[in-house]
Amino acid sequence: MKATLYVIPGSHPSMAVRKMLERKGIPYKRVDLMPVVSRGVLKALRFPGVTIPSLRLDGRKLTGSREISRALDELRPSPPLFPADAAARAKVEEVELWGEEVLSDGVRRILWNAVKRDRGPLGTYLEGARIGLPHGLAVKTATPVIAAENRIHGISDARVEGDLAAFPGWLDRIDGWIAEGVLGGDPPNAADLQIAAALALAMTLEDLRGPIEPRPAGQLAHYLMPEYPGKVPPILPGAWLEPLRA
Ligand SMILES: N[C@@H](CCC(=O)N[C@@H](CS)C(=O)NCC(=O)O)C(=O)O
């Protein structure tokens, strides 16, 4: 099986797919791309979408972490990313979708808003990445990229403040799924990896690590994603963080 995975350094759904490939024992070549440039590259390579992660797998071109989890399970069923039982599978699919559309999108907005305030910490996400230019230069020239990502993903201060207000409820939901056994089983399912990657990225922000880390959700993320690159010192307005501290 020949696999090439296109990622952005620090990207959480990319990390989820990396873990899927590793757990299934599929060797792959990783191509690190910078945001925005990634869109042009994937378009030129004729992937079905322009977002990361995208995977070329034995000539097939796949875009999107949920598309990829399904394709990997079909091609290499063991260890499974989805339960065999139909009802259990439907639940994992529902939680995986929530993980992508609510949690993962929210964490992405929070991160791009944070680095808009100070681009310096961006370099910490580039650890081990080969992006074709020196990391220091990438950070120095990142301002237009950060602005573009904020625009592309419809990120505003008001929206991020809302994401942070919703975050405690998101953690409650995840802890509930862990208590029910939908998440946190062995082997980890596609929803575990989707959610753990987003929480691991969230915990690279010092503003968020404290409230997440001690909870079952935070522990699951640490267990499944023990080495997540990136570190952002406190940076978000204190008032926005009040709901998480309450
Ligand atoms: N929800 C998608 C991720 C889509 C997405 O926005 N990916 C980001 C990286 S985390 C990306 O491609 N950013 C670059 C851009 O949109 O220009 C998935 O789970 O595959």
# chains A, B, ... in the order shown; residues from 1 in each chain; ligands from 1
>>> select_by_dssp(residues="segment 13-124 of chain A", states="helix (DSSP H, G or I)", output="PyMOL selection string")
chain A and resi 13-23+37-44+65-75+86-117+120-124
>>> residues_around(residues="Ile178 of chain A", least_positions_apart="2", cutoff="12 Å", atoms="only C-alpha atoms", output="JSON, numbers by chain")
{"A": [92, 95, 171, 172, 173, 174, 175, 176, 180, 181, 182, 183, 184, 185, 186, 188, 191, 192, 195, 196, 215, 216, 217, 218, 219, 220, 221]}
>>> write_last_selection(atoms="N, CA and C atoms", output="mmCIF file, in the first residue's frame")
data_model
loop_
_atom_site.group_PDB
_atom_site.id
_atom_site.type_symbol
_atom_site.label_atom_id
_atom_site.label_comp_id
_atom_site.auth_asym_id
_atom_site.auth_seq_id
_atom_site.Cartn_x
_atom_site.Cartn_y
_atom_site.Cartn_z
ATOM 1 N N VAL A 92 -20.763 6.187 16.989
ATOM 2 C CA VAL A 92 -19.381 6.666 16.777
ATOM 3 C C VAL A 92 -19.352 7.656 15.612
ATOM 4 N N VAL A 95 -20.674 10.998 16.831
ATOM 5 C CA VAL A 95 -19.717 11.709 17.691
ATOM 6 C C VAL A 95 -18.521 12.195 16.864
ATOM 7 N N LEU A 171 -16.808 20.037 26.788
ATOM 8 C CA LEU A 171 -16.059 19.090 27.637
ATOM 9 C C LEU A 171 -17.020 18.168 28.384
ATOM 10 N N ASP A 172 -18.163 18.729 28.827
ATOM 11 C CA ASP A 172 -19.163 17.885 29.509
ATOM 12 C C ASP A 172 -19.647 16.776 28.573
ATOM 13 N N ARG A 173 -19.896 17.135 27.320
ATOM 14 C CA ARG A 173 -20.382 16.122 26.367
ATOM 15 C C ARG A 173 -19.340 15.015 26.183
ATOM 16 N N ILE A 174 -18.083 15.437 26.021
ATOM 17 C CA ILE A 174 -17.015 14.445 25.788
ATOM 18 C C ILE A 174 -16.860 13.548 27.020
ATOM 19 N N ASP A 175 -16.852 14.161 28.204
ATOM 20 C CA ASP A 175 -16.746 13.346 29.431
ATOM 21 C C ASP A 175 -17.925 12.367 29.514
ATOM 22 N N GLY A 176 -19.097 12.825 29.088
ATOM 23 C CA GLY A 176 -20.282 11.949 29.095
ATOM 24 C C GLY A 176 -20.099 10.768 28.155
ATOM 25 N N GLU A 180 -20.040 6.800 29.038
ATOM 26 C CA GLU A 180 -20.937 5.826 28.379
ATOM 27 C C GLU A 180 -20.171 4.727 27.656
ATOM 28 N N GLY A 181 -18.878 4.956 27.420
ATOM 29 C CA GLY A 181 -18.073 3.971 26.684
ATOM 30 C C GLY A 181 -18.052 4.190 25.180
ATOM 31 N N VAL A 182 -18.669 5.289 24.710
ATOM 32 C CA VAL A 182 -18.608 5.587 23.259
ATOM 33 C C VAL A 182 -17.172 5.990 22.903
ATOM 34 N N LEU A 183 -16.538 6.723 23.827
ATOM 35 C CA LEU A 183 -15.139 7.126 23.659
ATOM 36 C C LEU A 183 -14.299 6.444 24.732
ATOM 37 N N GLY A 184 -13.010 6.330 24.440
ATOM 38 C CA GLY A 184 -12.077 5.843 25.456
ATOM 39 C C GLY A 184 -11.909 4.331 25.473
ATOM 40 N N GLY A 185 -12.445 3.644 24.475
ATOM 41 C CA GLY A 185 -12.294 2.181 24.428
ATOM 42 C C GLY A 185 -10.984 1.785 23.761
ATOM 43 N N ASP A 186 -10.788 0.478 23.654
ATOM 44 C CA ASP A 186 -9.585 -0.049 23.026
ATOM 45 C C ASP A 186 -9.994 -1.058 21.960
ATOM 46 N N PRO A 188 -8.848 2.604 20.015
ATOM 47 C CA PRO A 188 -9.547 3.876 19.834
ATOM 48 C C PRO A 188 -10.284 3.902 18.502
ATOM 49 N N ALA A 191 -13.835 8.501 16.235
ATOM 50 C CA ALA A 191 -14.263 9.664 17.023
ATOM 51 C C ALA A 191 -13.251 9.980 18.117
ATOM 52 N N ASP A 192 -12.686 8.928 18.740
ATOM 53 C CA ASP A 192 -11.642 9.153 19.746
ATOM 54 C C ASP A 192 -10.508 9.983 19.144
ATOM 55 N N ILE A 195 -11.496 13.659 18.201
ATOM 56 C CA ILE A 195 -11.698 14.518 19.377
ATOM 57 C C ILE A 195 -10.393 14.697 20.160
ATOM 58 N N ALA A 196 -9.632 13.620 20.316
ATOM 59 C CA ALA A 196 -8.377 13.734 21.075
ATOM 60 C C ALA A 196 -7.410 14.692 20.378
ATOM 61 N N ARG A 215 -9.566 16.778 33.298
ATOM 62 C CA ARG A 215 -10.851 16.102 33.031
ATOM 63 C C ARG A 215 -10.613 14.812 32.257
ATOM 64 N N PRO A 216 -11.584 13.893 32.283
ATOM 65 C CA PRO A 216 -11.421 12.664 31.489
ATOM 66 C C PRO A 216 -11.111 12.981 30.020
ATOM 67 N N ALA A 217 -11.735 14.034 29.479
ATOM 68 C CA ALA A 217 -11.485 14.428 28.083
ATOM 69 C C ALA A 217 -10.008 14.762 27.879
ATOM 70 N N GLY A 218 -9.444 15.529 28.810
ATOM 71 C CA GLY A 218 -8.043 15.919 28.703
ATOM 72 C C GLY A 218 -7.118 14.724 28.842
ATOM 73 N N GLN A 219 -7.466 13.820 29.738
ATOM 74 C CA GLN A 219 -6.631 12.633 29.938
ATOM 75 C C GLN A 219 -6.652 11.738 28.699
ATOM 76 N N LEU A 220 -7.827 11.628 28.071
ATOM 77 C CA LEU A 220 -7.921 10.828 26.839
ATOM 78 C C LEU A 220 -7.016 11.435 25.752
ATOM 79 N N ALA A 221 -7.059 12.762 25.658
ATOM 80 C CA ALA A 221 -6.244 13.437 24.633
ATOM 81 C C ALA A 221 -4.759 13.208 24.896
#
>>> residues_around(residues="His222 of chain A", least_positions_apart="6", cutoff="9 Å", atoms="only C-alpha atoms", output="VMD selection string")
chain A and resid 196 199 to 200 213 228
>>> write_last_selection(atoms="C-alpha atoms", output="PDB file, in the first residue's frame")
ATOM      1  CA  ALA A 196      -8.377  13.734  21.075  1.00  0.00           C
ATOM      2  CA  LEU A 199      -8.261  18.658  22.484  1.00  0.00           C
ATOM      3  CA  ALA A 200      -4.506  18.069  22.272  1.00  0.00           C
ATOM      4  CA  GLU A 213      -6.143  18.647  31.379  1.00  0.00           C
ATOM      5  CA  TYR A 228       1.615  17.250  20.288  1.00  0.00           C
TER       6      TYR A 228
END
>>> residues_around(residues="Val160 of chain A", least_positions_apart="6", cutoff="12 Å", atoms="only C-alpha atoms", output="list in words")
Asp105, Gly106, Val107, Arg108, Arg109, Ile110, Leu111, Trp112, Asn113, Ala114, Asn150, His153, Gly154, Ala166, Phe167, Leu236, Pro237, Trp240 and Leu241 of chain A
>>> write_last_selection(atoms="N, CA and C atoms", output="short mmCIF file (atom, residue, chain, number, x, y, z; two decimals), in the first residue's frame")
data_model
loop_
_atom_site.label_atom_id
_atom_site.label_comp_id
_atom_site.auth_asym_id
_atom_site.auth_seq_id
_atom_site.Cartn_x
_atom_site.Cartn_y
_atom_site.Cartn_z
N ASP A 105 -13.64 22.52 14.52
CA ASP A 105 -13.77 23.86 13.91
C ASP A 105 -13.60 24.95 14.98
N GLY A 106 -14.16 24.71 16.17
CA GLY A 106 -14.04 25.69 17.25
C GLY A 106 -12.59 25.88 17.67
N VAL A 107 -11.88 24.77 17.84
CA VAL A 107 -10.48 24.86 18.26
C VAL A 107 -9.65 25.58 17.19
N ARG A 108 -9.95 25.29 15.93
CA ARG A 108 -9.22 25.98 14.83
C ARG A 108 -9.43 27.49 14.92
N ARG A 109 -10.68 27.90 15.18
CA ARG A 109 -10.96 29.34 15.27
C ARG A 109 -10.20 29.96 16.45
N ILE A 110 -10.21 29.27 17.57
CA ILE A 110 -9.53 29.81 18.77
C ILE A 110 -8.04 29.98 18.48
N LEU A 111 -7.45 28.97 17.83
CA LEU A 111 -6.00 29.03 17.59
C LEU A 111 -5.63 30.16 16.63
N TRP A 112 -6.36 30.28 15.52
CA TRP A 112 -6.02 31.34 14.55
C TRP A 112 -6.26 32.72 15.16
N ASN A 113 -7.25 32.83 16.03
CA ASN A 113 -7.48 34.11 16.72
C ASN A 113 -6.32 34.41 17.67
N ALA A 114 -5.83 33.35 18.35
CA ALA A 114 -4.74 33.54 19.31
C ALA A 114 -3.46 33.99 18.60
N ASN A 150 -7.92 33.49 9.04
CA ASN A 150 -9.03 34.07 9.82
C ASN A 150 -10.21 34.37 8.90
N HIS A 153 -11.88 30.97 7.35
CA HIS A 153 -12.67 30.19 8.30
C HIS A 153 -13.72 31.05 9.03
N GLY A 154 -13.93 32.27 8.55
CA GLY A 154 -14.98 33.12 9.11
C GLY A 154 -14.78 33.43 10.59
N ALA A 166 -18.80 28.23 24.99
CA ALA A 166 -19.41 26.90 24.77
C ALA A 166 -18.48 25.77 25.22
N PHE A 167 -17.20 26.06 25.38
CA PHE A 167 -16.21 25.01 25.62
C PHE A 167 -16.53 24.13 26.83
N LEU A 236 -5.18 35.07 25.32
CA LEU A 236 -6.58 35.45 25.04
C LEU A 236 -7.10 36.38 26.14
N PRO A 237 -8.05 37.25 25.82
CA PRO A 237 -8.58 38.16 26.85
C PRO A 237 -9.15 37.38 28.03
N TRP A 240 -12.84 36.46 28.26
CA TRP A 240 -13.33 35.37 27.41
C TRP A 240 -13.13 34.01 28.08
N LEU A 241 -12.16 33.95 29.00
CA LEU A 241 -11.81 32.65 29.60
C LEU A 241 -12.61 32.37 30.87
#
>>> residues_near_ligand(ligand="ligand 1", cutoff="10 Å", atoms="only C-alpha atoms and all ligand atoms", output="CSV table (one decimal) with C-alpha atoms, in the first residue's frame")
chain,number,residue,atom,x,y,z
A,6,TYR,CA,-0.6,16.1,3.0
A,7,VAL,CA,-0.6,18.0,6.3
A,8,ILE,CA,-0.2,21.4,7.8
A,9,PRO,CA,2.1,21.4,10.8
A,10,GLY,CA,0.0,21.4,14.0
A,11,SER,CA,-3.2,20.6,12.1
A,12,HIS,CA,-5.4,18.5,14.4
A,13,PRO,CA,-7.3,16.5,11.8
A,14,SER,CA,-4.0,15.8,10.2
A,15,MET,CA,-2.7,14.4,13.5
A,16,ALA,CA,-5.9,12.3,13.8
A,17,VAL,CA,-5.2,10.8,10.4
A,33,LEU,CA,2.4,22.4,3.6
A,34,MET,CA,1.9,25.9,4.8
A,35,PRO,CA,-1.7,27.1,5.1
A,36,VAL,CA,-3.1,28.9,2.0
A,37,VAL,CA,-0.3,27.4,-0.1
A,38,SER,CA,-1.9,24.1,0.8
A,39,ARG,CA,-5.0,25.1,-1.2
A,40,GLY,CA,-3.0,25.7,-4.4
A,42,LEU,CA,-4.1,20.3,-3.5
A,49,GLY,CA,-11.0,19.2,-1.9
A,50,VAL,CA,-8.5,21.9,-1.0
A,51,THR,CA,-8.3,21.2,2.7
A,52,ILE,CA,-5.9,19.3,4.9
A,53,PRO,CA,-5.7,16.4,5.6
A,54,SER,CA,-5.6,14.9,2.1
A,62,LEU,CA,-9.1,11.5,-0.5
A,63,THR,CA,-9.7,14.8,1.2
A,64,GLY,CA,-11.2,15.1,4.7
A,65,SER,CA,-10.5,13.2,8.0
A,66,ARG,CA,-13.9,11.5,7.9
A,67,GLU,CA,-13.6,10.4,4.3
A,68,ILE,CA,-10.1,9.0,5.1
A,69,SER,CA,-11.2,7.1,8.3
A,96,GLU,CA,-17.0,11.8,15.0
A,97,LEU,CA,-19.1,14.3,13.0
A,99,GLY,CA,-16.0,16.3,16.8
A,100,GLU,CA,-15.3,17.6,13.3
A,101,GLU,CA,-18.0,20.2,12.9
A,102,VAL,CA,-18.2,21.6,16.4
A,104,SER,CA,-12.4,20.8,15.7
A,105,ASP,CA,-13.8,23.9,13.9
A,107,VAL,CA,-10.5,24.9,18.3
A,108,ARG,CA,-9.2,26.0,14.8
A,109,ARG,CA,-11.0,29.3,15.3
A,145,VAL,CA,-1.3,33.8,6.1
A,146,ILE,CA,-2.9,34.3,9.6
A,148,ALA,CA,-6.2,34.8,5.3
A,149,GLU,CA,-6.9,31.8,7.6
A,150,ASN,CA,-9.0,34.1,9.8
A,151,ARG,CA,-11.0,35.2,6.7
A,152,ILE,CA,-11.3,31.7,5.1
A,153,HIS,CA,-12.7,30.2,8.3
A,194,GLN,CA,-10.8,13.2,15.9
A,198,ALA,CA,-8.6,18.7,18.7
>>> residues_around(residues="Lys29 of chain A", least_positions_apart="5", cutoff="12 Å", atoms="only C-alpha atoms", output="PyMOL selection string")
chain A and resi 1-7+18+21-22+55-57
>>> atom_distance(atom1="atom CA of Met203 of chain A", atom2="atom CA of Leu122 of chain A")
14.6 Å
>>> atom_distance(atom1="atom CA of Asp157 of chain A", atom2="atom CA of Asp118 of chain A")
14.7 Å
